[in-house]
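Structure file data.txt (compact mmCIF, C-alpha atoms) follows.
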```
# COMPACT_ATOMS: atom_id res chain seq x y z
CA MET D 1 -9.57 -15.45 -33.66
CA ALA D 2 -7.76 -14.39 -36.81
CA LEU D 3 -8.91 -10.82 -36.23
CA PHE D 4 -7.22 -10.79 -32.81
CA ARG D 5 -4.03 -12.17 -34.30
CA ASP D 6 -3.83 -10.13 -37.49
CA SER D 7 -5.42 -6.84 -36.47
CA LEU D 8 -5.13 -6.40 -32.70
CA GLY D 9 -1.81 -8.30 -32.59
CA LYS D 10 -0.35 -6.10 -35.32
CA ILE D 11 -1.52 -2.92 -33.61
CA ILE D 12 -0.11 -3.67 -30.15
CA SER D 13 3.13 -5.00 -31.64
CA ASN D 14 3.93 -1.42 -32.58
CA PRO D 15 6.52 0.01 -30.13
CA LEU D 16 4.59 3.29 -29.69
CA VAL D 17 1.39 1.39 -28.91
CA LYS D 18 3.26 -0.72 -26.37
CA ILE D 19 4.53 2.41 -24.64
CA SER D 20 1.00 3.85 -24.69
CA ILE D 21 -0.41 0.68 -23.10
CA LEU D 22 2.22 0.80 -20.34
CA ILE D 23 1.39 4.47 -19.71
CA ILE D 24 -2.34 3.62 -19.55
CA TYR D 25 -1.53 0.84 -17.09
CA ILE D 26 0.48 3.20 -14.87
CA VAL D 27 -2.23 5.89 -14.98
CA ASN D 28 -4.93 3.30 -14.33
CA LEU D 29 -3.04 1.86 -11.36
CA SER D 30 -2.25 5.34 -10.03
CA LEU D 31 -5.93 6.31 -10.14
CA GLY D 32 -6.77 3.06 -8.39
CA ILE D 33 -4.23 3.69 -5.63
CA TRP D 34 -5.46 7.27 -5.27
CA GLY D 35 -9.04 6.05 -5.01
CA THR D 36 -8.20 3.61 -2.20
CA PHE D 37 -7.35 6.56 0.06
CA TYR D 38 -10.93 7.78 -0.23
CA ILE D 39 -12.77 4.48 0.02
CA GLN D 40 -15.46 4.43 2.70
CA HIS D 41 -15.63 1.58 5.22
CA GLY D 42 -18.71 -0.03 6.67
CA ILE D 43 -22.27 -0.54 5.53
CA LYS D 44 -24.40 2.51 4.82
CA TYR D 45 -27.64 1.36 6.37
CA GLU D 46 -29.71 3.94 4.51
CA LYS D 47 -28.74 2.18 1.25
CA LEU D 48 -29.52 -1.38 2.29
CA PHE D 49 -33.07 -1.24 0.98
CA ALA D 50 -34.81 0.32 -2.01
CA LYS D 51 -34.83 4.13 -2.10
CA ASP D 52 -38.62 4.28 -1.78
CA SER D 53 -38.67 1.79 1.11
CA VAL D 54 -40.27 2.78 4.41
CA LEU D 55 -37.19 1.42 6.21
CA THR D 56 -34.88 3.63 4.15
CA GLU D 57 -36.98 6.72 4.82
CA GLY D 58 -37.17 5.92 8.54
CA TYR D 59 -33.40 5.54 8.77
CA ARG D 60 -32.83 8.83 6.94
CA ILE D 61 -35.16 10.67 9.31
CA ASN D 62 -33.44 9.08 12.30
CA LEU D 63 -30.01 9.99 10.91
CA LYS D 64 -31.06 13.58 10.23
CA TYR D 65 -33.04 14.48 13.35
CA PHE D 66 -32.33 12.03 16.17
CA LYS D 67 -28.59 11.45 16.20
CA ARG D 68 -27.56 14.06 18.77
CA HIS D 69 -27.87 11.32 21.37
CA SER D 70 -28.13 8.10 19.42
CA TYR D 71 -27.72 4.87 21.36
CA PRO D 72 -25.78 3.72 24.44
CA TYR D 73 -22.50 1.85 24.55
CA HIS D 74 -22.31 -0.96 27.08
CA ILE D 75 -19.20 -0.81 29.29
CA ILE D 76 -18.96 -4.31 30.76
CA ILE D 77 -16.59 -5.07 33.65
CA ASN D 78 -15.44 -8.55 32.83
CA GLU D 79 -13.89 -9.43 36.20
CA THR D 80 -14.94 -10.07 39.78
CA LEU D 81 -14.22 -6.91 41.80
CA ASP D 82 -14.79 -5.76 45.36
CA TYR D 83 -17.10 -2.81 44.65
CA SER D 84 -17.16 -1.86 48.32
CA ASP D 85 -13.48 -0.88 48.04
CA ILE D 86 -13.09 2.90 47.65
CA LYS D 87 -10.09 2.39 45.34
CA VAL D 88 -12.13 0.17 43.02
CA GLN D 89 -14.93 2.72 42.96
CA LYS D 90 -12.47 5.48 42.11
CA SER D 91 -10.90 3.38 39.34
CA LEU D 92 -14.31 2.78 37.78
CA GLU D 93 -15.17 6.48 37.97
CA ASN D 94 -11.88 7.34 36.24
CA LEU D 95 -12.55 4.72 33.57
CA LEU D 96 -16.02 6.11 32.82
CA GLU D 97 -14.58 9.63 32.69
CA LYS D 98 -12.10 8.49 30.01
CA PHE D 99 -14.97 7.20 27.91
CA GLN D 100 -16.93 10.43 28.49
CA MET D 101 -13.99 12.52 27.28
CA HIS D 102 -14.40 11.10 23.77
CA PRO D 103 -15.91 13.74 21.43
CA ASN D 104 -18.68 11.37 20.37
CA ILE D 105 -19.69 10.36 23.90
CA ALA D 106 -22.11 12.50 25.92
CA ASP D 107 -21.10 13.92 29.30
CA GLY D 108 -21.72 12.33 32.68
CA GLN D 109 -25.36 13.36 33.03
CA PHE D 110 -26.26 10.82 30.33
CA THR D 111 -24.15 8.01 31.84
CA LEU D 112 -26.10 5.24 33.55
CA SER D 113 -24.17 3.74 36.44
CA TRP D 114 -25.78 1.53 39.06
CA LEU D 115 -22.75 2.16 41.29
CA LYS D 116 -23.13 5.94 41.03
CA PHE D 117 -26.85 5.85 41.91
CA TYR D 118 -26.24 3.33 44.69
CA LYS D 119 -23.70 5.69 46.26
CA VAL D 120 -26.10 8.63 45.89
CA PHE D 121 -28.85 6.53 47.50
CA GLN D 122 -26.60 5.78 50.49
CA LYS D 123 -26.48 9.52 51.29
CA ASN D 124 -30.27 9.83 51.15
CA PRO D 125 -31.99 10.25 54.56
CA ILE D 126 -34.27 7.31 53.75
CA ALA D 127 -31.22 5.11 53.16
CA LYS D 128 -29.93 5.80 56.66
CA PHE D 129 -32.97 3.93 57.92
CA SER D 130 -33.15 1.32 55.11
CA LEU D 131 -29.46 0.49 55.26
CA GLN D 132 -29.24 0.57 59.03
CA GLY D 133 -26.96 -2.22 60.14
CA TYR D 134 -25.16 -2.47 56.79
CA ASN D 135 -21.50 -1.54 56.65
CA MET D 136 -20.86 -0.24 53.13
CA SER D 137 -17.13 -0.80 53.55
CA ASN D 138 -17.75 -4.53 53.99
CA LYS D 139 -18.09 -6.46 50.75
CA GLN D 140 -20.92 -8.74 51.88
CA ASP D 141 -22.89 -5.90 53.48
CA PHE D 142 -22.39 -3.85 50.31
CA ILE D 143 -23.80 -6.69 48.18
CA ASP D 144 -26.67 -7.47 50.58
CA GLY D 145 -27.68 -3.80 50.73
CA LEU D 146 -27.56 -3.64 46.93
CA ARG D 147 -29.74 -6.75 46.50
CA ASN D 148 -32.15 -6.46 49.39
CA VAL D 149 -32.64 -2.70 49.58
CA PHE D 150 -31.52 -0.74 46.53
CA PHE D 151 -32.82 -3.14 43.85
CA ASN D 152 -36.17 -3.35 45.64
CA ILE D 153 -36.79 0.35 45.09
CA LYS D 154 -39.05 0.72 42.06
CA ALA D 155 -36.94 3.44 40.45
CA ALA D 156 -33.79 1.30 40.75
CA GLN D 157 -35.17 -2.07 39.69
CA SER D 158 -33.92 -1.63 36.13
CA PHE D 159 -30.34 -1.55 37.46
CA SER D 160 -30.69 -5.16 38.65
CA ASN D 161 -30.09 -6.20 35.02
CA ASP D 162 -26.65 -4.59 35.14
CA VAL D 163 -25.18 -6.77 37.90
CA VAL D 164 -24.45 -10.51 37.82
CA PHE D 165 -23.90 -12.26 41.16
CA ASN D 166 -22.36 -15.63 41.80
CA SER D 167 -24.56 -18.54 42.91
CA ASN D 168 -24.37 -17.83 46.66
CA LYS D 169 -24.56 -14.02 46.24
CA THR D 170 -21.18 -13.33 47.81
CA ASP D 171 -19.48 -11.77 44.76
CA ILE D 172 -20.34 -9.57 41.81
CA LEU D 173 -19.00 -11.50 38.83
CA TYR D 174 -19.79 -8.95 36.12
CA SER D 175 -21.35 -5.52 35.94
CA ARG D 176 -22.41 -3.11 33.25
CA PHE D 177 -22.49 0.66 32.76
CA PHE D 178 -23.82 2.76 29.88
CA VAL D 179 -22.32 5.78 28.16
CA MET D 180 -24.40 7.60 25.56
CA GLY D 181 -23.27 8.24 21.98
CA ARG D 182 -23.34 11.83 20.76
CA ASN D 183 -23.53 13.10 17.16
CA VAL D 184 -22.87 9.62 15.80
CA ASN D 185 -24.46 10.50 12.48
CA SER D 186 -22.54 8.46 9.90
CA SER D 187 -21.12 4.97 9.46
CA ASP D 188 -17.57 6.38 9.52
CA ILE D 189 -18.12 8.09 12.88
CA GLU D 190 -19.75 4.91 14.22
CA ARG D 191 -16.70 2.88 13.20
CA ASP D 192 -14.15 5.37 14.54
CA THR D 193 -16.02 5.84 17.83
CA LEU D 194 -16.25 2.12 18.54
CA ARG D 195 -12.60 1.64 17.59
CA ASP D 196 -11.55 4.43 19.98
CA LEU D 197 -13.66 3.03 22.81
CA LEU D 198 -12.17 -0.43 22.28
CA LYS D 199 -8.70 1.13 22.48
CA ILE D 200 -9.59 2.80 25.81
CA ALA D 201 -10.84 -0.57 27.05
CA ASP D 202 -7.61 -2.30 25.98
CA GLU D 203 -5.52 0.28 27.86
CA SER D 204 -7.55 -0.10 31.04
CA ASP D 205 -6.11 -1.95 34.05
CA ILE D 206 -9.55 -3.46 34.60
CA PRO D 207 -10.76 -6.04 32.03
CA VAL D 208 -13.44 -4.23 30.05
CA LEU D 209 -15.69 -5.16 27.13
CA VAL D 210 -17.36 -2.53 24.95
CA HIS D 211 -20.53 -3.31 23.06
CA CYS D 212 -23.38 -1.49 21.34
CA ILE D 213 -26.46 -2.47 19.39
CA LYS D 214 -24.55 -2.17 16.09
CA SER D 215 -21.25 -3.72 17.19
CA ASN D 216 -21.54 -6.76 14.94
CA LEU D 217 -22.02 -4.50 11.91
CA ILE D 218 -19.57 -1.75 12.88
CA GLU D 219 -16.73 -4.16 13.63
CA GLN D 220 -16.94 -5.40 10.05
CA GLY D 221 -15.68 -2.01 8.93
CA ILE D 222 -12.78 -2.28 11.38
CA ILE D 223 -11.56 -5.74 10.36
CA ILE D 224 -12.47 -5.76 6.65
CA GLY D 225 -9.54 -3.49 5.75
CA GLN D 226 -7.14 -6.04 7.24
CA MET D 227 -8.92 -8.86 5.40
CA VAL D 228 -8.52 -7.06 2.07
CA TYR D 229 -4.76 -6.70 2.58
CA GLN D 230 -4.59 -10.40 3.40
CA LEU D 231 -6.56 -11.10 0.24
CA PHE D 232 -3.88 -9.29 -1.80
CA TRP D 233 -0.89 -11.17 -0.50
CA ILE D 234 -2.51 -14.58 -0.13
CA THR D 235 -3.86 -14.37 -3.67
CA ALA D 236 -0.53 -13.26 -5.11
CA THR D 237 1.37 -16.01 -3.27
CA LEU D 238 -1.05 -18.75 -4.26
CA ILE D 239 -1.12 -17.63 -7.90
CA THR D 240 2.69 -17.66 -8.06
CA ALA D 241 2.89 -21.10 -6.46
CA VAL D 242 0.18 -22.67 -8.63
CA PHE D 243 1.52 -21.11 -11.84
CA LEU D 244 5.03 -22.36 -11.08
CA LEU D 245 3.62 -25.83 -10.47
CA PHE D 246 2.31 -26.05 -14.03
CA VAL D 247 4.56 -23.59 -15.86
CA PRO D 248 8.01 -23.45 -14.25
CA ASN D 249 8.72 -19.84 -15.22
CA LEU D 250 9.26 -17.63 -12.18
CA LEU D 251 9.27 -14.34 -14.08
CA VAL D 252 5.93 -15.02 -15.76
CA ALA D 253 4.41 -16.21 -12.49
CA ILE D 254 5.46 -12.96 -10.79
CA ILE D 255 4.00 -10.91 -13.65
CA VAL D 256 0.65 -12.72 -13.32
CA ALA D 257 0.66 -12.16 -9.55
CA ILE D 258 1.47 -8.45 -10.00
CA SER D 259 -1.27 -8.16 -12.58
CA VAL D 260 -3.89 -9.72 -10.30
CA VAL D 261 -2.89 -7.58 -7.30
CA SER D 262 -2.91 -4.47 -9.51
CA LEU D 263 -6.35 -5.46 -10.75
CA ILE D 264 -7.72 -5.75 -7.20
CA VAL D 265 -6.17 -2.39 -6.21
CA GLU D 266 -7.67 -0.72 -9.28
CA THR D 267 -11.07 -2.27 -8.54
CA LEU D 268 -10.95 -0.99 -4.95
CA GLY D 269 -9.97 2.49 -6.13
CA TYR D 270 -12.73 2.74 -8.71
CA MET D 271 -15.20 1.34 -6.16
CA SER D 272 -14.71 4.48 -4.10
CA LEU D 273 -15.26 6.66 -7.15
CA TRP D 274 -18.44 4.70 -7.93
CA ASP D 275 -19.79 5.18 -4.40
CA VAL D 276 -19.26 1.58 -3.27
CA ASN D 277 -18.21 1.11 0.35
CA LEU D 278 -15.76 -1.48 1.58
CA ASP D 279 -18.05 -3.66 3.68
CA ILE D 280 -18.98 -7.31 4.12
CA ILE D 281 -21.09 -7.29 0.93
CA SER D 282 -18.38 -5.77 -1.28
CA LEU D 283 -15.72 -7.99 0.32
CA MET D 284 -17.74 -11.12 -0.50
CA SER D 285 -18.13 -9.86 -4.05
CA LEU D 286 -14.38 -9.25 -4.33
CA ILE D 287 -13.57 -12.74 -3.05
CA LEU D 288 -15.99 -14.27 -5.56
CA CYS D 289 -14.35 -12.24 -8.34
CA VAL D 290 -10.78 -13.23 -7.46
CA GLY D 291 -11.13 -16.45 -9.44
CA PHE D 292 -12.39 -14.49 -12.43
CA SER D 293 -9.48 -12.04 -12.18
CA VAL D 294 -6.94 -14.87 -12.04
CA ASN D 295 -8.23 -16.92 -14.97
CA TYR D 296 -7.61 -14.64 -17.93
CA PRO D 297 -4.13 -13.35 -16.93
CA ALA D 298 -3.07 -16.94 -16.23
CA HIS D 299 -4.47 -18.23 -19.54
CA ILE D 300 -2.91 -15.53 -21.70
CA SER D 301 0.45 -15.94 -19.93
CA TYR D 302 0.32 -19.70 -20.40
CA ALA D 303 -0.53 -19.27 -24.08
CA TYR D 304 2.39 -16.85 -24.53
CA VAL D 305 4.93 -19.05 -22.75
CA MET D 306 3.84 -22.23 -24.55
CA SER D 307 3.71 -20.63 -27.99
CA GLN D 308 6.09 -22.23 -30.51
CA ARG D 309 6.66 -18.98 -32.39
CA LYS D 310 10.20 -17.63 -32.49
CA THR D 311 9.99 -13.87 -31.95
CA PRO D 312 8.31 -12.05 -29.00
CA ASN D 313 5.83 -10.26 -31.28
CA GLU D 314 4.88 -13.50 -33.03
CA LYS D 315 4.31 -15.08 -29.62
CA LEU D 316 2.10 -12.09 -28.73
CA LYS D 317 0.00 -12.56 -31.87
CA ASP D 318 -0.24 -16.31 -31.36
CA SER D 319 -1.39 -15.97 -27.73
CA LEU D 320 -4.07 -13.46 -28.81
CA TYR D 321 -5.15 -15.85 -31.57
CA ARG D 322 -5.66 -18.66 -29.08
CA ILE D 323 -7.05 -16.79 -26.04
CA GLY D 324 -8.06 -13.28 -27.12
CA PHE D 325 -11.54 -14.02 -28.44
CA PRO D 326 -12.59 -16.21 -25.44
CA ILE D 327 -11.39 -13.44 -23.07
CA LEU D 328 -13.48 -10.85 -24.92
CA GLN D 329 -16.50 -13.18 -24.94
CA GLY D 330 -16.16 -13.98 -21.24
CA SER D 331 -15.75 -10.34 -20.19
CA LEU D 332 -18.64 -9.08 -22.32
CA THR D 333 -21.07 -11.82 -21.34
CA THR D 334 -20.18 -11.42 -17.66
CA GLY D 335 -20.54 -7.64 -17.74
CA LEU D 336 -23.75 -7.62 -19.78
CA GLY D 337 -25.25 -10.53 -17.88
CA ILE D 338 -24.71 -8.94 -14.50
CA LEU D 339 -26.51 -5.76 -15.63
CA ILE D 340 -29.75 -7.70 -15.26
CA LEU D 341 -29.17 -7.64 -11.48
CA TYR D 342 -28.46 -3.90 -11.38
CA SER D 343 -31.05 -2.11 -9.23
CA ASP D 344 -31.25 0.35 -6.35
CA VAL D 345 -31.15 -2.51 -3.82
CA TYR D 346 -27.76 -2.10 -2.15
CA PHE D 347 -26.34 -5.62 -2.22
CA LEU D 348 -27.43 -6.22 -5.85
CA CYS D 349 -26.10 -2.84 -6.95
CA THR D 350 -22.79 -3.42 -5.14
CA PHE D 351 -22.31 -6.89 -6.61
CA ALA D 352 -23.10 -5.69 -10.13
CA LYS D 353 -20.70 -2.72 -9.91
CA ILE D 354 -17.81 -4.84 -8.64
CA VAL D 355 -18.29 -7.59 -11.24
CA ILE D 356 -18.42 -5.00 -14.06
CA LEU D 357 -15.23 -3.31 -12.76
CA VAL D 358 -13.41 -6.64 -12.44
CA ALA D 359 -14.55 -7.75 -15.93
CA LEU D 360 -13.27 -4.53 -17.54
CA GLU D 361 -9.99 -4.45 -15.62
CA THR D 362 -9.34 -8.14 -16.28
CA ALA D 363 -9.96 -7.74 -20.00
CA PHE D 364 -7.51 -4.83 -20.17
CA HIS D 365 -4.81 -6.72 -18.28
CA ALA D 366 -5.26 -9.96 -20.20
CA LEU D 367 -5.63 -8.52 -23.73
CA PHE D 368 -3.17 -5.63 -23.53
CA PHE D 369 -0.92 -5.31 -20.49
CA ILE D 370 0.32 -8.90 -20.03
CA PRO D 371 1.00 -9.63 -23.74
CA VAL D 372 2.84 -6.31 -24.08
CA ILE D 373 4.94 -6.69 -20.92
CA LEU D 374 5.82 -10.30 -21.80
CA SER D 375 6.84 -9.33 -25.33
CA ILE D 376 9.06 -6.54 -23.97
CA ILE D 377 10.70 -8.85 -21.42
CA TYR D 378 11.28 -11.61 -23.98
CA ALA D 379 12.70 -9.08 -26.48
CA ILE D 380 15.13 -7.78 -23.85
CA SER D 381 16.04 -11.36 -22.95
CA ASP D 382 16.71 -12.25 -26.60
CA LYS D 383 18.92 -9.18 -27.08
CA THR D 384 20.86 -10.02 -23.93
CA LYS D 385 21.46 -13.57 -25.14
CA THR D 386 22.61 -12.25 -28.51
CA ILE D 387 25.08 -9.85 -26.89
CA PHE D 388 26.62 -12.49 -24.65
CA CYS D 389 26.68 -15.15 -27.35
```

Could you write out this structure as structure tokens?
Amino acid sequence: MALFRDSLGKIISNPLVKISILIIYIVNLSLGIWGTFYIQHGIKYEKLFAKDSVLTEGYRINLKYFKRHSYPYHIIINETLDYSDIKVQKSLENLLEKFQMHPNIADGQFTLSWLKFYKVFQKNPIAKFSLQGYNMSNKQDFIDGLRNVFFNIKAAQSFSNDVVFNSNKTDILYSRFFVMGRNVNSSDIERDTLRDLLKIADESDIPVLVHCIKSNLIEQGIIIGQMVYQLFWITATLITAVFLLFVPNLLVAIIVAISVVSLIVETLGYMSLWDVNLDIISLMSLILCVGFSVNYPAHISYAYVMSQRKTPNEKLKDSLYRIGFPILQGSLTTGLGILILYSDVYFLCTFAKIVILVALETAFHALFFIPVILSIIYAISDKTKTIFC
């Protein structure tokens, strides 16, 4: 404790050292902000398991050789429509064409549409006999021909899973079409493709749902970015409010909030440089680490404000005497302890990397940045009071 007060406190009380610490903070924050522009979103499935795992190898082979046409996207019509109406049929054709125009969606020959094949079947010579007596412009005849004739053909039976009728078989409540993904060979392309398809669905006059086998995982990458921004502002607001509740000093509360937000930004930036994606696993790790990132800045600020010393530099030394050694102990034990978990298993590796980054950044902010910035602000405040008095 005395070492922190007499040695470290004396060193960072030097004006040149203070300027150097502020420059390091600015550079550190700038690198963090720069890194956030390159952070990858979404889970990399090939990294979820150990590198020598059969699952990992299988996913790599699939990603390398079999992604030209990967998996279908379900286009679900979420409304009761009269499919016998030519205008409705044309609207659905136009909608599917919009999806097919996307660069990562295959062309029409890979699209599976029960309506398309039903219309083709109606022109078949066999259909003229099978559908004799059915008026395809009449809604009930259209539905009866679909159920009683088309779905009874062996080649078309699989399409029966794509249509949901009401209880008395007089309406088609929901229906489904498939468009095939093309060259979807990375998590980023998966995320962007699904986001674009959802946008097309939102702009459609017909209520449409878009789904694929990986939707629940891909959508995490879409919404997690928004959740991280919310984490910034909610954390900063709560820290300011709680700090003011116990220490009624608005300026110090704002400094602590800025420090914590800067810390999270820096952690996110260095995550990208350390090959950590922003996904549900890293987000959970960040949320768990928020409490850790708040503690030390709040404690050192409290110690500085409550110090009975007269000058800003003496307050700096006193706060380091009281809190400096516990901060160093906590950061080192957390960082070293978490190294035990470090392995090539993705979620353990991700958690360990984030905790180590947060421990290092928190130690820097608590031991150097906050004491220095508070001493500068208090020195300016004292000089201002002297001038006006």

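Between CA of Leu63 in chain D and CA of Arg182 in chain D there is a distance of 12.0 Å.
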
Give me the residues near Asn161 in chain D as a list in words, where near means some atom within 10 Å (using only C-alpha atoms) and where sequence neighbours in that chain fewer than 2 positions away do not count. Trp114, Phe151, Gln157, Ser158, Phe159, Val163, Val164, Ser175 and Arg176 of chain D

Check the smallest atom-to-atom distance from each of D:Ser343, D:Met284, D:Pro371, D:Leu95 to Lys315 in chain D using all atoms listed in the file, then report the winner. D:Pro371

Length of the CA of Gly145 in chain D to CA of Leu131 in chain D vector [Å]: 6.5 Å

Go through range 43-95 of chain D and flag each residue having an atom no more than 12 Å from range 167-172 of chain D; for those, report the closest pair of atoms plus their distance in Å to one decimal, using all atoms listed in the file, ordered by chain and rising number, as CSV.
```
residue,atom,partner,partner_atom,distance
D:Ile77,CA,D:Ile172,CA,10.0
D:Asn78,CA,D:Ile172,CA,10.3
D:Glu79,CA,D:Ile172,CA,8.5
D:Thr80,CA,D:Ile172,CA,5.8
D:Leu81,CA,D:Ile172,CA,6.7
D:Asp82,CA,D:Ile172,CA,7.6
D:Tyr83,CA,D:Ile172,CA,8.0
D:Ser84,CA,D:Ile172,CA,10.6
```
